[in-house]
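Source file: final-v9.csv. Holds: CSV, C-alpha atoms.
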chain,number,residue,atom,x,y,z
A,1,MET,CA,0.0,0.0,0.0
A,2,LYS,CA,1.0,3.6,-0.6
A,3,VAL,CA,0.4,5.2,2.8
A,4,ALA,CA,0.1,8.9,3.8
A,5,ALA,CA,0.0,10.1,7.4
A,6,LEU,CA,-2.1,13.1,8.4
A,7,ILE,CA,-1.4,14.8,11.7
A,8,VAL,CA,-4.2,16.9,13.1
A,9,ALA,CA,-2.7,19.9,14.7
A,10,ALA,CA,-5.2,22.7,14.2
A,11,GLY,CA,-6.7,22.8,17.6
A,12,ARG,CA,-6.3,25.7,20.0
A,13,GLY,CA,-6.3,23.5,23.2
A,14,THR,CA,-9.0,25.4,25.2
A,15,ARG,CA,-8.7,22.9,28.1
A,16,PHE,CA,-4.9,23.2,28.0
A,17,GLY,CA,-4.9,27.0,28.5
A,18,GLY,CA,-2.0,29.4,28.1
A,19,GLY,CA,-1.0,31.4,25.2
A,20,LEU,CA,0.7,28.7,23.2
A,21,ALA,CA,-1.1,25.7,21.6
A,22,LYS,CA,0.0,22.5,23.3
A,23,GLN,CA,1.3,21.0,20.1
A,24,TYR,CA,4.1,23.6,20.1
A,25,CYS,CA,5.0,23.5,23.7
A,26,LEU,CA,8.4,21.9,24.4
A,27,LEU,CA,8.5,18.2,25.5
A,28,ASP,CA,12.0,16.8,26.2
A,29,GLY,CA,13.4,19.8,24.4
A,30,ARG,CA,11.3,19.4,21.2
A,31,PRO,CA,7.9,20.7,20.3
A,32,VAL,CA,5.2,18.1,21.0
A,33,LEU,CA,4.2,18.1,17.3
A,34,ARG,CA,7.8,17.3,16.2
A,35,HIS,CA,7.8,13.9,18.0
A,36,SER,CA,4.9,12.6,15.9
A,37,LEU,CA,6.2,14.2,12.7
A,38,ALA,CA,9.6,12.5,13.1
A,39,ILE,CA,8.2,9.0,13.9
A,40,LEU,CA,5.9,9.0,11.0
A,41,ALA,CA,8.4,10.5,8.5
A,42,ALA,CA,10.9,7.8,9.5
A,43,HIS,CA,8.5,4.8,9.2
A,44,PRO,CA,9.5,2.8,6.1
A,45,ALA,CA,5.8,2.1,5.2
A,46,VAL,CA,4.8,5.8,5.2
A,47,SER,CA,5.4,7.6,1.9
A,48,ALA,CA,4.3,11.1,2.9
A,49,VAL,CA,3.4,13.1,6.1
A,50,ARG,CA,1.2,16.2,6.2
A,51,ALA,CA,0.0,18.2,9.1
A,52,VAL,CA,-3.3,20.1,9.3
A,53,ILE,CA,-2.6,23.3,11.3
A,54,HIS,CA,-4.3,26.5,12.4
A,55,GLN,CA,-3.8,29.3,9.9
A,56,ASP,CA,-2.1,31.5,12.5
A,57,ASP,CA,0.5,28.8,13.4
A,58,ARG,CA,2.6,28.6,10.3
A,59,ALA,CA,5.8,30.0,11.8
A,60,LEU,CA,5.5,27.7,14.8
A,61,TYR,CA,4.9,24.8,12.5
A,62,ASP,CA,7.9,25.6,10.4
A,63,ALA,CA,10.1,25.6,13.5
A,64,ALA,CA,8.7,22.3,14.7
A,65,ALA,CA,9.2,20.6,11.4
A,66,SER,CA,12.6,22.1,10.5
A,67,GLY,CA,14.9,19.5,8.9
A,68,LEU,CA,12.1,16.9,8.3
A,69,ASN,CA,11.2,15.9,4.8
A,70,VAL,CA,7.4,16.3,5.1
A,71,LEU,CA,4.7,17.9,2.9
A,72,ASP,CA,3.7,21.5,3.4
A,73,PRO,CA,0.9,21.9,6.0
A,74,VAL,CA,-2.6,22.8,5.1
A,75,PRO,CA,-5.0,25.0,7.2
A,76,GLY,CA,-7.7,23.2,9.2
A,77,GLY,CA,-11.3,24.0,9.9
A,78,ALA,CA,-13.3,25.1,12.9
A,79,GLU,CA,-13.8,21.4,14.2
A,80,ARG,CA,-11.6,18.4,14.1
A,81,GLN,CA,-13.8,16.5,11.7
A,82,GLU,CA,-13.6,19.4,9.2
A,83,SER,CA,-9.8,19.6,9.6
A,84,VAL,CA,-9.4,15.9,8.8
A,85,ARG,CA,-11.6,16.2,5.7
A,86,LEU,CA,-9.6,19.2,4.4
A,87,GLY,CA,-6.4,17.3,5.0
A,88,LEU,CA,-7.7,14.3,3.1
A,89,GLU,CA,-8.8,16.5,0.2
A,90,SER,CA,-5.4,18.0,0.0
A,91,LEU,CA,-4.0,14.5,-0.5
A,92,GLU,CA,-6.6,13.4,-3.1
A,93,GLY,CA,-5.2,12.4,-6.4
A,94,MET,CA,-1.7,11.6,-5.1
A,95,GLY,CA,-2.3,7.8,-5.4
A,96,PHE,CA,-2.5,6.9,-1.7
A,97,ASP,CA,-4.2,3.6,-0.8
A,98,ALA,CA,-4.3,4.2,2.9
A,99,VAL,CA,-4.0,7.0,5.4
A,100,LEU,CA,-3.1,7.2,9.0
A,101,VAL,CA,-4.8,10.0,11.0
A,102,HIS,CA,-3.0,11.0,14.2
A,103,ASP,CA,-3.6,13.6,16.9
A,104,ALA,CA,-0.6,15.9,17.5
A,105,ALA,CA,-1.3,15.7,21.2
A,106,ARG,CA,-0.1,12.1,21.3
A,107,PRO,CA,3.7,12.5,21.0
A,108,PHE,CA,4.7,9.0,22.2
A,109,LEU,CA,3.5,6.8,19.4
A,110,SER,CA,6.0,4.1,18.4
A,111,ARG,CA,7.0,2.6,15.1
A,112,ALA,CA,5.6,-0.8,16.3
A,113,LEU,CA,2.2,0.7,16.9
A,114,VAL,CA,2.1,2.3,13.5
A,115,SER,CA,2.9,-1.1,11.9
A,116,ARG,CA,0.2,-2.9,13.9
A,117,VAL,CA,-2.4,-0.4,12.7
A,118,LEU,CA,-1.3,-0.8,9.0
A,119,ASP,CA,-1.4,-4.6,9.4
A,120,GLY,CA,-5.0,-4.3,10.7
A,121,LEU,CA,-6.0,-2.9,7.3
A,122,ALA,CA,-5.4,-6.2,5.6
A,123,ASP,CA,-9.1,-7.2,5.9
A,124,ALA,CA,-10.9,-4.1,7.2
A,125,ASP,CA,-11.9,-0.5,6.2
A,126,GLY,CA,-10.2,0.9,9.3
A,127,ALA,CA,-8.0,-0.1,12.2
A,128,VAL,CA,-7.9,1.6,15.6
A,129,PRO,CA,-5.4,1.0,18.4
A,130,GLY,CA,-7.1,0.5,21.7
A,131,LEU,CA,-6.6,-0.6,25.3
A,132,PRO,CA,-9.2,-2.5,27.3
A,133,VAL,CA,-10.9,-0.4,30.0
A,134,ALA,CA,-9.6,-1.6,33.4
A,135,ASP,CA,-11.3,0.8,35.8
A,136,THR,CA,-14.9,0.4,37.1
A,137,LEU,CA,-17.1,3.0,35.2
A,138,LYS,CA,-19.8,5.0,36.9
A,139,ARG,CA,-22.5,7.2,35.4
A,140,ALA,CA,-23.3,10.3,37.5
A,141,ALA,CA,-25.9,13.1,37.6
A,142,ALA,CA,-25.0,16.8,37.3
A,143,ASP,CA,-24.7,17.0,41.1
A,144,GLY,CA,-22.2,14.2,41.2
A,145,THR,CA,-24.6,11.5,42.4
A,146,ILE,CA,-23.9,8.1,40.9
A,147,THR,CA,-26.8,6.9,38.9
A,148,ALA,CA,-25.4,3.6,37.5
A,149,THR,CA,-22.4,1.3,37.2
A,150,VAL,CA,-21.5,0.8,33.6
A,151,PRO,CA,-20.3,-2.7,32.6
A,152,ARG,CA,-16.8,-2.5,31.3
A,153,ASP,CA,-16.9,-5.7,29.3
A,154,SER,CA,-16.0,-5.1,25.7
A,155,LEU,CA,-15.1,-1.5,26.3
A,156,TRP,CA,-11.9,-0.1,24.9
A,157,ARG,CA,-10.0,3.2,25.0
A,158,ALA,CA,-9.3,4.3,21.4
A,159,GLN,CA,-6.0,5.9,20.5
A,160,THR,CA,-4.4,7.3,17.4
A,161,PRO,CA,-3.0,6.8,14.8
A,162,GLN,CA,-6.1,5.3,13.2
A,163,GLY,CA,-5.6,3.8,9.8
A,164,PHE,CA,-8.1,3.6,6.9
A,165,ARG,CA,-8.5,2.9,3.3
A,166,PHE,CA,-8.0,6.4,1.8
A,167,ASP,CA,-11.0,6.6,-0.5
A,168,THR,CA,-13.2,5.0,2.0
A,169,LEU,CA,-12.4,7.6,4.7
A,170,LEU,CA,-12.5,10.6,2.3
A,171,ASN,CA,-16.0,9.5,1.1
A,172,ALA,CA,-17.2,8.9,4.6
A,173,HIS,CA,-16.0,12.3,5.8
A,174,ARG,CA,-17.8,14.0,2.8
A,175,ALA,CA,-20.9,12.1,3.6
A,176,GLY,CA,-20.7,13.0,7.3
A,177,THR,CA,-20.1,16.7,7.0
A,178,GLY,CA,-21.8,18.6,9.8
A,179,GLN,CA,-22.0,15.6,12.2
A,180,ALA,CA,-20.3,15.8,15.6
A,181,LEU,CA,-18.3,12.6,15.6
A,182,THR,CA,-15.4,12.2,18.0
A,183,ASP,CA,-12.9,10.3,15.9
A,184,ASP,CA,-12.4,9.0,12.4
A,185,ALA,CA,-13.4,5.5,13.2
A,186,ALA,CA,-16.9,6.8,14.1
A,187,VAL,CA,-17.1,8.5,10.7
A,188,ILE,CA,-16.5,5.1,9.1
A,189,GLU,CA,-18.9,3.3,11.4
A,190,ALA,CA,-21.6,5.8,10.5
A,191,THR,CA,-21.4,4.6,6.9
A,192,GLY,CA,-21.5,0.9,7.8
A,193,GLY,CA,-17.8,0.3,7.3
A,194,ARG,CA,-15.9,-2.4,9.2
A,195,VAL,CA,-13.3,-1.1,11.7
A,196,CYS,CA,-11.1,-3.5,13.7
A,197,LEU,CA,-9.2,-3.0,16.9
A,198,VAL,CA,-5.5,-3.6,17.2
A,199,GLN,CA,-3.4,-3.6,20.4
A,200,GLY,CA,-2.7,-0.1,21.6
A,201,ASP,CA,0.2,1.2,23.7
A,202,GLU,CA,0.0,2.5,27.3
A,203,ALA,CA,2.9,4.8,26.5
A,204,ASN,CA,0.8,6.4,23.7
A,205,ARG,CA,-0.7,8.9,26.1
A,206,LYS,CA,-2.6,12.1,25.2
A,207,ILE,CA,-1.7,15.6,26.4
A,208,THR,CA,-4.8,17.4,27.5
A,209,LEU,CA,-4.1,19.6,30.6
A,210,PRO,CA,-1.0,21.6,31.7
A,211,ASP,CA,-0.3,19.0,34.4
A,212,ASP,CA,0.1,16.4,31.6
A,213,MET,CA,3.1,18.3,30.2
A,214,THR,CA,4.7,18.3,33.6
A,215,ALA,CA,4.0,14.6,34.1
A,216,PHE,CA,5.1,13.7,30.5
A,217,ASP,CA,8.2,15.9,30.3
A,218,GLY,CA,11.1,13.5,30.8
A,219,ALA,CA,8.8,10.5,30.3
A,220,ALA,CA,10.5,9.7,27.1
A,221,PRO,CA,13.0,6.9,27.8
A,222,ALA,CA,16.3,8.1,29.3
A,223,LEU,CA,18.1,4.9,28.3
A,224,LEU,CA,19.8,5.3,25.0
A,225,LEU,CA,20.8,2.1,23.2
A,226,PRO,CA,23.5,1.9,20.5
A,227,ARG,CA,22.5,1.4,16.9
A,228,VAL,CA,24.9,0.7,14.1
A,229,GLY,CA,24.1,1.7,10.5
A,230,PHE,CA,26.0,0.7,7.3
A,231,GLY,CA,26.0,2.5,4.0
A,232,PHE,CA,27.5,1.7,0.6
A,233,ASP,CA,27.5,3.6,-2.7
A,234,VAL,CA,29.1,3.5,-6.1
A,235,HIS,CA,29.4,6.1,-8.9
A,236,GLY,CA,31.2,5.8,-12.2
A,237,PHE,CA,33.5,8.3,-13.8
A,238,VAL,CA,32.5,10.6,-16.7
A,239,GLU,CA,34.4,13.4,-18.4
A,240,GLY,CA,35.3,16.2,-16.1
A,241,GLU,CA,38.0,17.9,-14.0
A,242,SER,CA,37.2,17.1,-10.3
A,243,VAL,CA,35.3,14.9,-8.0
A,244,THR,CA,33.5,15.8,-4.7
A,245,LEU,CA,34.3,13.5,-1.8
A,246,CYS,CA,33.0,14.2,1.7
A,247,GLY,CA,32.0,17.6,0.6
A,248,VAL,CA,35.5,18.5,-0.6
A,249,GLU,CA,36.3,19.2,-4.3
A,250,VAL,CA,39.3,17.1,-5.3
A,251,PRO,CA,41.0,17.8,-8.7
A,252,HIS,CA,41.0,14.8,-11.0
A,253,THR,CA,40.9,13.8,-14.7
A,254,ALA,CA,37.2,12.9,-14.5
A,255,ARG,CA,34.1,13.6,-12.4
A,256,LEU,CA,31.6,11.2,-10.9
A,257,SER,CA,28.2,10.7,-12.6
A,258,GLY,CA,25.0,11.0,-10.6
A,259,HIS,CA,21.7,12.8,-10.3
A,260,SER,CA,23.0,15.0,-7.5
A,261,ASP,CA,26.6,16.1,-7.2
A,262,ALA,CA,27.5,12.4,-6.9
A,263,ASP,CA,29.4,12.6,-3.7
A,264,VAL,CA,29.7,8.9,-3.2
A,265,ALA,CA,31.2,9.2,0.3
A,266,LEU,CA,28.4,11.5,1.7
A,267,HIS,CA,25.8,9.2,0.1
A,268,ALA,CA,27.2,6.2,1.9
A,269,LEU,CA,27.3,8.1,5.1
A,270,ALA,CA,23.7,9.4,4.8
A,271,ASP,CA,22.5,5.9,4.1
A,272,ALA,CA,24.3,4.6,7.2
A,273,LEU,CA,22.5,7.2,9.3
A,274,TYR,CA,19.2,6.4,7.8
A,275,GLY,CA,19.9,2.7,8.4
A,276,ALA,CA,20.7,3.2,12.0
A,277,VAL,CA,17.2,4.6,12.7
A,278,GLY,CA,15.4,2.4,10.2
A,279,ALA,CA,14.4,5.2,7.9
A,280,GLY,CA,15.2,3.7,4.5
A,281,ASP,CA,17.8,5.3,2.3
A,282,ILE,CA,18.5,8.5,0.3
A,283,GLY,CA,16.3,7.4,-2.5
A,284,ARG,CA,13.2,7.2,-0.3
A,285,HIS,CA,13.7,10.8,1.0
A,286,PHE,CA,15.2,12.3,-2.1
A,287,PRO,CA,14.1,10.2,-5.1
A,288,PRO,CA,16.2,10.7,-8.2
A,289,SER,CA,13.0,10.9,-10.3
A,290,ASP,CA,12.4,14.3,-8.6
A,291,MET,CA,14.2,17.0,-10.6
A,292,ARG,CA,14.5,19.2,-7.5
A,293,TRP,CA,17.5,17.1,-6.5
A,294,LYS,CA,19.3,17.3,-9.9
A,295,GLY,CA,22.8,18.6,-9.2
A,296,ALA,CA,21.9,19.1,-5.5
A,297,PRO,CA,24.8,19.2,-3.0
A,298,SER,CA,25.0,15.9,-1.1
A,299,ALA,CA,25.5,17.9,2.1
A,300,LEU,CA,21.7,18.4,1.9
A,301,PHE,CA,21.1,14.7,2.2
A,302,LEU,CA,23.6,14.3,5.1
A,303,THR,CA,22.1,17.1,7.1
A,304,HIS,CA,18.6,15.7,6.6
A,305,ALA,CA,19.7,12.3,7.9
A,306,ARG,CA,21.4,14.1,10.8
A,307,ASP,CA,18.2,16.0,11.6
A,308,MET,CA,16.1,12.9,11.4
A,309,VAL,CA,18.3,11.2,14.0
A,310,ARG,CA,17.9,14.1,16.3
A,311,ALA,CA,14.2,14.4,15.7
A,312,LEU,CA,13.8,10.8,16.8
A,313,GLY,CA,15.6,11.7,20.0
A,314,GLY,CA,18.9,10.1,18.9
A,315,ARG,CA,22.6,11.2,19.1
A,316,ILE,CA,25.3,10.5,16.6
A,317,ALA,CA,28.2,9.0,18.5
A,318,HIS,CA,30.8,8.3,15.7
A,319,VAL,CA,31.0,7.9,12.0
A,320,ASP,CA,33.6,6.1,9.9
A,321,VAL,CA,33.9,6.5,6.1
A,322,THR,CA,36.1,4.4,3.8
A,323,ILE,CA,36.6,5.6,0.2
A,324,ILE,CA,37.6,2.9,-2.3
A,325,CYS,CA,39.5,4.0,-5.4
A,326,GLU,CA,42.8,3.9,-7.2
A,327,SER,CA,42.7,7.6,-7.9
A,328,PRO,CA,42.5,10.4,-7.0
A,329,LYS,CA,44.7,10.2,-3.9
A,330,VAL,CA,42.6,10.9,-0.8
A,331,GLY,CA,45.4,11.3,1.7
A,332,PRO,CA,46.2,15.0,0.9
A,333,HIS,CA,42.6,15.9,1.4
A,334,ARG,CA,41.7,13.7,4.3
A,335,ALA,CA,42.0,16.4,7.0
A,336,ALA,CA,39.7,18.7,5.0
A,337,MET,CA,37.2,15.9,4.5
A,338,VAL,CA,37.1,15.1,8.3
A,339,SER,CA,36.6,18.8,9.0
A,340,ARG,CA,33.8,19.1,6.5
A,341,VAL,CA,31.9,16.0,7.7
A,342,ALA,CA,32.4,17.1,11.3
A,343,ASP,CA,30.9,20.5,10.5
A,344,LEU,CA,27.9,19.0,8.7
A,345,LEU,CA,27.1,16.6,11.5
A,346,GLU,CA,28.0,19.1,14.2
A,347,LEU,CA,30.4,16.7,15.8
A,348,PRO,CA,34.0,17.1,17.1
A,349,GLU,CA,36.5,15.9,14.6
A,350,GLU,CA,37.8,13.1,16.9
A,351,ARG,CA,34.4,11.4,16.3
A,352,VAL,CA,34.8,11.4,12.5
A,353,SER,CA,37.0,9.0,10.6
A,354,VAL,CA,37.7,9.2,6.9
A,355,LYS,CA,40.1,6.8,5.3
A,356,ALA,CA,40.8,5.4,1.8
A,357,THR,CA,41.9,2.1,0.3
A,358,THR,CA,42.4,0.5,-3.1
A,359,THR,CA,41.3,-2.9,-4.5
A,360,GLU,CA,44.9,-3.6,-5.7
A,361,GLY,CA,43.9,-3.1,-9.3
A,362,LEU,CA,40.9,-5.5,-9.1
A,363,GLY,CA,37.3,-4.8,-10.1
A,364,PHE,CA,35.8,-1.6,-11.5
A,365,THR,CA,37.6,0.6,-9.0
A,366,GLY,CA,40.8,-1.2,-9.8
A,367,ARG,CA,40.2,-0.4,-13.5
A,368,ARG,CA,39.7,3.2,-12.5
A,369,GLU,CA,36.1,3.2,-13.8
A,370,GLY,CA,34.7,4.8,-10.7
A,371,ILE,CA,34.7,5.2,-6.9
A,372,ALA,CA,33.0,3.2,-4.1
A,373,ALA,CA,32.5,4.2,-0.5
A,374,GLN,CA,31.2,2.6,2.6
A,375,ALA,CA,30.3,4.0,5.9
A,376,VAL,CA,29.5,2.8,9.4
A,377,THR,CA,27.7,5.0,12.0
A,378,THR,CA,27.1,4.5,15.7
A,379,VAL,CA,23.9,6.2,16.9
A,380,LEU,CA,22.5,6.3,20.4
A,381,MET,CA,18.7,6.0,20.3
A,382,PRO,CA,15.9,5.9,22.9
A,383,GLU,CA,14.9,2.2,23.5
A,384,THR,CA,11.4,2.6,22.2
A,385,HIS,CA,12.6,3.7,18.7
Spell out the structure here as structure tokens.
Amino acid sequence: MKVAALIVAAGRGTRFGGGLAKQYCLLDGRPVLRHSLAILAAHPAVSAVRAVIHQDDRALYDAAASGLNVLDPVPGGAERQESVRLGLESLEGMGFDAVLVHDAARPFLSRALVSRVLDGLADADGAVPGLPVADTLKRAAADGTITATVPRDSLWRAQTPQGFRFDTLLNAHRAGTGQALTDDAAVIEATGGRVCLVQGDEANRKITLPDDMTAFDGAAPALLLPRVGFGFDVHGFVEGESVTLCGVEVPHTARLSGHSDADVALHALADALYGAVGAGDIGRHFPPSDMRWKGAPSALFLTHARDMVRALGGRIAHVDVTIICESPKVGPHRAAMVSRVADLLELPEERVSVKATTTEGLGFTGRREGIAAQAVTTVLMPETH
């Protein structure tokens, strides 16, 4: 399935209070909205992410989404249901088979939860993550007097993201315009569609009141676990006078062929960072079929990978790049390459390694037909990601 993710972030948070909408308040040093944007943008099954925001919040949104490869936001409506419909209509015609709808006020969604919701769409019109109700439920009058005990059997607490067949949800929203339905599953249910439950996540809590921010801040896992990413890339020589390696222009009798500037070393390094956080590769985030990236500096790809690691709460601990070629000689430029990579990743130079080797005249690099590069990265990530 081609999947889009729609994050509903147009609310003003009347119960939350204060002058700043809760989705832009800082949680563990990052805007609440950024947590969800980053998780969904990094999920390998999600092709595009779009937020629906309040028309007055564009500057706040741009700051929250900085460095993430997501679609431009669209303005929402007066009510949540209208905001979702407007978001869906903005995605119409892009070929999406399914859509995830997520509330910006739930910043602790996990990749595993997203996958369970998508798996639930195999034989249903919609899939909703939920948790069984454990507490005894009471119904009360306006004065607080208990009038009944409500059986909790078969009752579940619904969460987001909720997943749906794209056309089914869009048509249901259009048919249900003006109704006061509390979530997207209810919109599908109102048309007779089948929605299934999948296992939710206790950590996927919703921020509603100011005290929630105090309770949740620091709730993201403090334990950082090491992840290792590996990247490999190859580019062939064509007529030219220099090659770009690790962001440094090196004089040569040829140049490297590629859609971008063909910096084979930075391509391998970016792929290693994407791999460490399970976010695919350069081609997923910057497809060569998109002419926007023709001739683009590969530093753009590397800084995007860096920002994605950070957006997911990770830290880059060390990177190691090996350039494989007979020529040009890398040694005279190695110090400049280390400095440039360290600058791009905002790391001290002692945590960056760049080295070179040959294949002793064997293979395409040995025949001086091109250059290969491989990279290994060590990234520290929260245990839930």
- Task: Up to 12 Å from (2.7, -1.7, -2.3) in the file's coordinates: name the residues, counting only C-alpha atoms, as a PyMOL selection string.
- Result: chain A and resi 1-3+44-47+95-98
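The space between CA of Val264 (chain A) and CA of Val49 (chain A) spans 28.2 Å.
Between CA of Arg205 (chain A) and CA of Ala105 (chain A) the interatomic distance comes to 8.4 Å.
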- If you count all atoms listed in the file, which residues fall within 8 Å of region 357-373 of chain A, apart from same-chain ones fewer than 2 positions away, as a VMD selection string? chain A and resid 232 to 237 256 264 to 265 268 321 to 327 355 375
- Query: Looking at A:Val330, A:Leu37, A:Val117, A:Val84, which one is nearest to Cys246 (chain A), with distances taken over all atoms listed in the file?
  - Reply: A:Val330
- A straight line from CA of Thr244 (chain A) to CA of Leu68 (chain A) spans 25.1 Å
- Query: Taking (37.4, 16.1, -12.7) in the file's coordinates as the center, which residues reach within 6 Å of it, counting only C-alpha atoms, put as a list of chain:residue names?
  - Reply: A:Gly240, A:Glu241, A:Ser242, A:Val243, A:Pro251, A:His252, A:Thr253, A:Ala254, A:Arg255
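Once Pro297 (chain A) and its same-chain neighbours fewer than 2 positions away are set aside, Asp261, Ala299 and Leu300 of chain A remain within 6 Å of it when counting only C-alpha atoms.
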- Task: Using only C-alpha atoms, determine which residues lie at most 7 Å from Asp125 (chain A), disregarding the query and same-chain residues fewer than 5 positions distant; provide the list as an NGL selection string.
- Result: :A and (164-165 or 193-195)
- So which residues touch region 61-64 of chain A within 9 Å, counting all atoms listed in the file, skipping near sequence neighbours fewer than 4 positions away, as a list in words?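 My reading of the contact set: Tyr24, Arg30, Pro31, Val32, Leu33, Arg34, Leu37, Ala51, Ile53, Asp57 and Pro73 of chain A.
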Quick one: write out the picked residues with C-alpha atoms as a short mmCIF file (atom, residue, chain, number, x, y, z; two decimals), in the coordinates of the input?
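Here's the written file result.cif:
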data_model
loop_
_atom_site.label_atom_id
_atom_site.label_comp_id
_atom_site.auth_asym_id
_atom_site.auth_seq_id
_atom_site.Cartn_x
_atom_site.Cartn_y
_atom_site.Cartn_z
CA TYR A 24 4.10 23.60 20.10
CA ARG A 30 11.30 19.40 21.20
CA PRO A 31 7.90 20.70 20.30
CA VAL A 32 5.20 18.10 21.00
CA LEU A 33 4.20 18.10 17.30
CA ARG A 34 7.80 17.30 16.20
CA LEU A 37 6.20 14.20 12.70
CA ALA A 51 0.00 18.20 9.10
CA ILE A 53 -2.60 23.30 11.30
CA ASP A 57 0.50 28.80 13.40
CA PRO A 73 0.90 21.90 6.00
#
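Comparing the minimum interatomic distances between Leu169 (chain A) and each of A:Gly87, A:Gly144, A:Pro107, A:Pro348, counting all atoms listed in the file, we find that A:Gly87 sits nearest.
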Could the residues of region 146-167 of chain A that have an atom at most 6 Å from region 129-135 of chain A be listed as CSV, each with its closest atom pair and the distance in Å to one decimal, counting all atoms listed in the file and ordered by chain and ascending residue number?
residue,atom,partner,partner_atom,distance
A:Leu155,CA,A:Val133,CA,5.7
A:Trp156,CA,A:Pro132,CA,4.3
A:Arg157,CA,A:Leu131,CA,5.1
A:Ala158,CA,A:Gly130,CA,4.4
A:Gln159,CA,A:Pro129,CA,5.4
- Message: Considering all atoms listed in the file, can you say which of A:Val379, A:Leu197, A:Val70, A:Val277 comes closest to Ile316 (chain A)?
- Response: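 For Ile316 (chain A), the nearest of the given residues is A:Val379.
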Repaired coordinates for region 165-177 of chain A (N, CA and C atoms) as a PDB file, in the frame of the given file:
ATOM      1  N   ARG A 165      -8.591   2.848   4.698  1.00  0.00           N
ATOM      2  CA  ARG A 165      -8.500   2.900   3.300  1.00  0.00           C
ATOM      3  C   ARG A 165      -8.766   4.381   2.857  1.00  0.00           C
ATOM      4  N   PHE A 166      -7.892   4.931   2.039  1.00  0.00           N
ATOM      5  CA  PHE A 166      -8.000   6.400   1.800  1.00  0.00           C
ATOM      6  C   PHE A 166      -9.294   6.808   1.212  1.00  0.00           C
ATOM      7  N   ASP A 167      -9.712   6.196   0.112  1.00  0.00           N
ATOM      8  CA  ASP A 167     -11.000   6.600  -0.500  1.00  0.00           C
ATOM      9  C   ASP A 167     -12.162   6.416   0.373  1.00  0.00           C
ATOM     10  N   THR A 168     -12.129   5.322   1.139  1.00  0.00           N
ATOM     11  CA  THR A 168     -13.200   5.000   2.000  1.00  0.00           C
ATOM     12  C   THR A 168     -13.393   6.132   3.082  1.00  0.00           C
ATOM     13  N   LEU A 169     -12.278   6.556   3.662  1.00  0.00           N
ATOM     14  CA  LEU A 169     -12.400   7.600   4.700  1.00  0.00           C
ATOM     15  C   LEU A 169     -12.745   8.939   4.104  1.00  0.00           C
ATOM     16  N   LEU A 170     -12.190   9.283   2.951  1.00  0.00           N
ATOM     17  CA  LEU A 170     -12.500  10.600   2.300  1.00  0.00           C
ATOM     18  C   LEU A 170     -14.019  10.626   2.005  1.00  0.00           C
ATOM     19  N   ASN A 171     -14.539   9.564   1.403  1.00  0.00           N
ATOM     20  CA  ASN A 171     -16.000   9.500   1.100  1.00  0.00           C
ATOM     21  C   ASN A 171     -16.848   9.600   2.313  1.00  0.00           C
ATOM     22  N   ALA A 172     -16.425   8.915   3.367  1.00  0.00           N
ATOM     23  CA  ALA A 172     -17.200   8.900   4.600  1.00  0.00           C
ATOM     24  C   ALA A 172     -17.204  10.302   5.247  1.00  0.00           C
ATOM     25  N   HIS A 173     -16.083  10.994   5.192  1.00  0.00           N
ATOM     26  CA  HIS A 173     -16.000  12.300   5.800  1.00  0.00           C
ATOM     27  C   HIS A 173     -16.916  13.302   4.959  1.00  0.00           C
ATOM     28  N   ARG A 174     -16.909  13.148   3.653  1.00  0.00           N
ATOM     29  CA  ARG A 174     -17.800  14.000   2.800  1.00  0.00           C
ATOM     30  C   ARG A 174     -19.234  13.745   3.120  1.00  0.00           C
ATOM     31  N   ALA A 175     -19.551  12.478   3.307  1.00  0.00           N
ATOM     32  CA  ALA A 175     -20.900  12.100   3.600  1.00  0.00           C
ATOM     33  C   ALA A 175     -21.358  12.556   5.001  1.00  0.00           C
ATOM     34  N   GLY A 176     -20.382  12.648   5.914  1.00  0.00           N
ATOM     35  CA  GLY A 176     -20.700  13.000   7.300  1.00  0.00           C
ATOM     36  C   GLY A 176     -20.496  14.415   7.677  1.00  0.00           C
ATOM     37  N   THR A 177     -20.351  15.295   6.679  1.00  0.00           N
ATOM     38  CA  THR A 177     -20.100  16.700   7.000  1.00  0.00           C
ATOM     39  C   THR A 177     -21.241  17.271   7.863  1.00  0.00           C
TER      40      THR A 177
END
